[in-house]
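Taking it in order: structure first as structure tokens, then the write-up.
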Amino acid sequence: MGERRCRYCQQDFQPSKFQPRQAVCGGAECQRKRRTNYHREKITADPEYREVCRDSRRKWRASHPDYWKEYRGNHPAAVERNRQRQKLRDRKRWLRNLANNNSALDLKHSAAQVWLVGPGAAHLANNNSAPAQIWVIEALPARPASPA
Ligand SMILES: [Zn+2]
């Protein structure tokens, strides 16, 4: 049986005789990535699997009711980071609502350029009668969390 190249670490490996279609080497980090990717794809494609995972998390939380309280007590930096991120989400939602509830007349009184921020502002730019140059600025997608 010939060697294959691992799709994650790019190292050559010998596939298991029990898994002839094996595409990922047996390294712990590569196997972890393989399982994570499988789970991520499966959870978006399979509603039943998604429900089972949600139920599993629910049961775990019910049997460990103080876990998150203790985690927050032991990780003040994480608490602060979450607080800042929530503030940012709240501000974005506030800006989106402000843009949606804004009339074109109000925009006319502003400068020649109107800056609309956020993905929800794209349709607003098309339906706006303000005689101005309008820039819709999309936020970059969130970077995936770095592996711990
Ligand atoms: Zn590998």
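Quick note on naming: the chains in the structure tokens go A, B, ... in the order shown, residues restart at 1 in each chain, and ligands are numbered from 1 in order of appearance.
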What are the closest atom pairs, with distances in Å to one decimal, for all residues of chain A lying within 10 Å of ligand 1? Consider only C-alpha atoms and all ligand atoms, order rows by chain and residue number, and present the result as JSON lines.
{"residue": "A:Arg5", "atom": "CA", "partner": "ligand 1", "partner_atom_place_in_ligand_line": "1 (Zn)", "distance": 7.9}
{"residue": "A:Cys6", "atom": "CA", "partner": "ligand 1", "partner_atom_place_in_ligand_line": "1 (Zn)", "distance": 4.6}
{"residue": "A:Arg7", "atom": "CA", "partner": "ligand 1", "partner_atom_place_in_ligand_line": "1 (Zn)", "distance": 6.6}
{"residue": "A:Tyr8", "atom": "CA", "partner": "ligand 1", "partner_atom_place_in_ligand_line": "1 (Zn)", "distance": 5.0}
{"residue": "A:Cys9", "atom": "CA", "partner": "ligand 1", "partner_atom_place_in_ligand_line": "1 (Zn)", "distance": 4.1}
{"residue": "A:Gln10", "atom": "CA", "partner": "ligand 1", "partner_atom_place_in_ligand_line": "1 (Zn)", "distance": 6.3}
{"residue": "A:Gln11", "atom": "CA", "partner": "ligand 1", "partner_atom_place_in_ligand_line": "1 (Zn)", "distance": 6.0}
{"residue": "A:Asp12", "atom": "CA", "partner": "ligand 1", "partner_atom_place_in_ligand_line": "1 (Zn)", "distance": 8.1}
{"residue": "A:Phe13", "atom": "CA", "partner": "ligand 1", "partner_atom_place_in_ligand_line": "1 (Zn)", "distance": 8.0}
{"residue": "A:Ala23", "atom": "CA", "partner": "ligand 1", "partner_atom_place_in_ligand_line": "1 (Zn)", "distance": 8.9}
{"residue": "A:Val24", "atom": "CA", "partner": "ligand 1", "partner_atom_place_in_ligand_line": "1 (Zn)", "distance": 5.6}
{"residue": "A:Cys25", "atom": "CA", "partner": "ligand 1", "partner_atom_place_in_ligand_line": "1 (Zn)", "distance": 4.3}
{"residue": "A:Gly26", "atom": "CA", "partner": "ligand 1", "partner_atom_place_in_ligand_line": "1 (Zn)", "distance": 6.6}
{"residue": "A:Gly27", "atom": "CA", "partner": "ligand 1", "partner_atom_place_in_ligand_line": "1 (Zn)", "distance": 5.5}
{"residue": "A:Ala28", "atom": "CA", "partner": "ligand 1", "partner_atom_place_in_ligand_line": "1 (Zn)", "distance": 8.2}
{"residue": "A:Glu29", "atom": "CA", "partner": "ligand 1", "partner_atom_place_in_ligand_line": "1 (Zn)", "distance": 7.3}
{"residue": "A:Cys30", "atom": "CA", "partner": "ligand 1", "partner_atom_place_in_ligand_line": "1 (Zn)", "distance": 4.6}
{"residue": "A:Gln31", "atom": "CA", "partner": "ligand 1", "partner_atom_place_in_ligand_line": "1 (Zn)", "distance": 7.4}
{"residue": "A:Arg32", "atom": "CA", "partner": "ligand 1", "partner_atom_place_in_ligand_line": "1 (Zn)", "distance": 9.9}
{"residue": "A:Lys33", "atom": "CA", "partner": "ligand 1", "partner_atom_place_in_ligand_line": "1 (Zn)", "distance": 9.2}
{"residue": "A:Arg34", "atom": "CA", "partner": "ligand 1", "partner_atom_place_in_ligand_line": "1 (Zn)", "distance": 9.4}
Could you turn the residues from that selection into a file that holds N, CA, C and O atoms, as a short mmCIF file (atom, residue, chain, number, x, y, z; two decimals), in the first residue's frame?
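Contents of again-v8.cif, as written:
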data_model
loop_
_atom_site.label_atom_id
_atom_site.label_comp_id
_atom_site.auth_asym_id
_atom_site.auth_seq_id
_atom_site.Cartn_x
_atom_site.Cartn_y
_atom_site.Cartn_z
N ARG A 5 -0.10 11.71 1.61
CA ARG A 5 0.31 12.96 2.25
C ARG A 5 -0.87 13.45 3.09
O ARG A 5 -1.99 13.57 2.61
N CYS A 6 -0.58 13.72 4.36
CA CYS A 6 -1.61 14.21 5.28
C CYS A 6 -2.09 15.59 4.84
O CYS A 6 -1.27 16.45 4.51
N ARG A 7 -3.40 15.80 4.82
CA ARG A 7 -3.92 17.09 4.35
C ARG A 7 -3.67 18.21 5.35
O ARG A 7 -3.80 19.38 5.00
N TYR A 8 -3.33 17.87 6.59
CA TYR A 8 -3.10 18.92 7.59
C TYR A 8 -1.62 19.23 7.77
O TYR A 8 -1.22 20.38 7.67
N CYS A 9 -0.80 18.21 8.04
CA CYS A 9 0.62 18.49 8.32
C CYS A 9 1.51 18.30 7.09
O CYS A 9 2.70 18.57 7.15
N GLN A 10 0.92 17.83 5.98
CA GLN A 10 1.66 17.65 4.72
C GLN A 10 2.78 16.62 4.86
O GLN A 10 3.70 16.62 4.05
N GLN A 11 2.74 15.77 5.87
CA GLN A 11 3.74 14.71 6.01
C GLN A 11 3.21 13.45 5.33
O GLN A 11 2.00 13.21 5.30
N ASP A 12 4.14 12.64 4.80
CA ASP A 12 3.73 11.36 4.22
C ASP A 12 3.43 10.37 5.34
O ASP A 12 4.06 10.41 6.40
N PHE A 13 2.44 9.52 5.12
CA PHE A 13 2.10 8.52 6.13
C PHE A 13 1.59 7.27 5.44
O PHE A 13 1.19 7.31 4.27
N ALA A 23 -7.15 9.76 4.92
CA ALA A 23 -6.54 10.93 4.28
C ALA A 23 -5.77 11.79 5.25
O ALA A 23 -5.15 12.78 4.87
N VAL A 24 -5.82 11.43 6.55
CA VAL A 24 -5.15 12.22 7.58
C VAL A 24 -4.26 11.28 8.37
O VAL A 24 -4.66 10.16 8.70
N CYS A 25 -3.05 11.74 8.69
CA CYS A 25 -2.12 10.88 9.42
C CYS A 25 -2.64 10.63 10.84
O CYS A 25 -3.63 11.21 11.26
N GLY A 26 -1.96 9.79 11.59
CA GLY A 26 -2.41 9.42 12.93
C GLY A 26 -1.95 10.39 14.00
O GLY A 26 -2.21 10.16 15.19
N GLY A 27 -1.28 11.47 13.64
CA GLY A 27 -0.80 12.44 14.63
C GLY A 27 -1.97 13.01 15.43
O GLY A 27 -3.05 13.26 14.89
N ALA A 28 -1.74 13.21 16.73
CA ALA A 28 -2.84 13.65 17.61
C ALA A 28 -3.43 14.97 17.15
O ALA A 28 -4.65 15.14 17.11
N GLU A 29 -2.56 15.91 16.75
CA GLU A 29 -3.05 17.23 16.34
C GLU A 29 -3.86 17.13 15.04
O GLU A 29 -4.92 17.76 14.90
N CYS A 30 -3.38 16.31 14.10
CA CYS A 30 -4.09 16.15 12.82
C CYS A 30 -5.43 15.45 13.04
O CYS A 30 -6.43 15.82 12.42
N GLN A 31 -5.46 14.45 13.90
CA GLN A 31 -6.71 13.75 14.18
C GLN A 31 -7.70 14.69 14.87
O GLN A 31 -8.90 14.64 14.60
N ARG A 32 -7.19 15.55 15.75
CA ARG A 32 -8.06 16.52 16.41
C ARG A 32 -8.68 17.46 15.37
O ARG A 32 -9.88 17.74 15.40
N LYS A 33 -7.86 17.92 14.42
CA LYS A 33 -8.38 18.80 13.37
C LYS A 33 -9.41 18.08 12.52
O LYS A 33 -10.42 18.66 12.13
N ARG A 34 -9.13 16.81 12.20
CA ARG A 34 -10.06 16.03 11.39
C ARG A 34 -11.42 15.92 12.10
O ARG A 34 -12.47 16.16 11.50
#
**Request:** Run DSSP on the backbone and grab whatever in range 7-98 of chain A lands in alpha helix (DSSP H); send it over as number ranges by chain.
**Result:** A: 28-45, 47-63, 67-74, 76-98
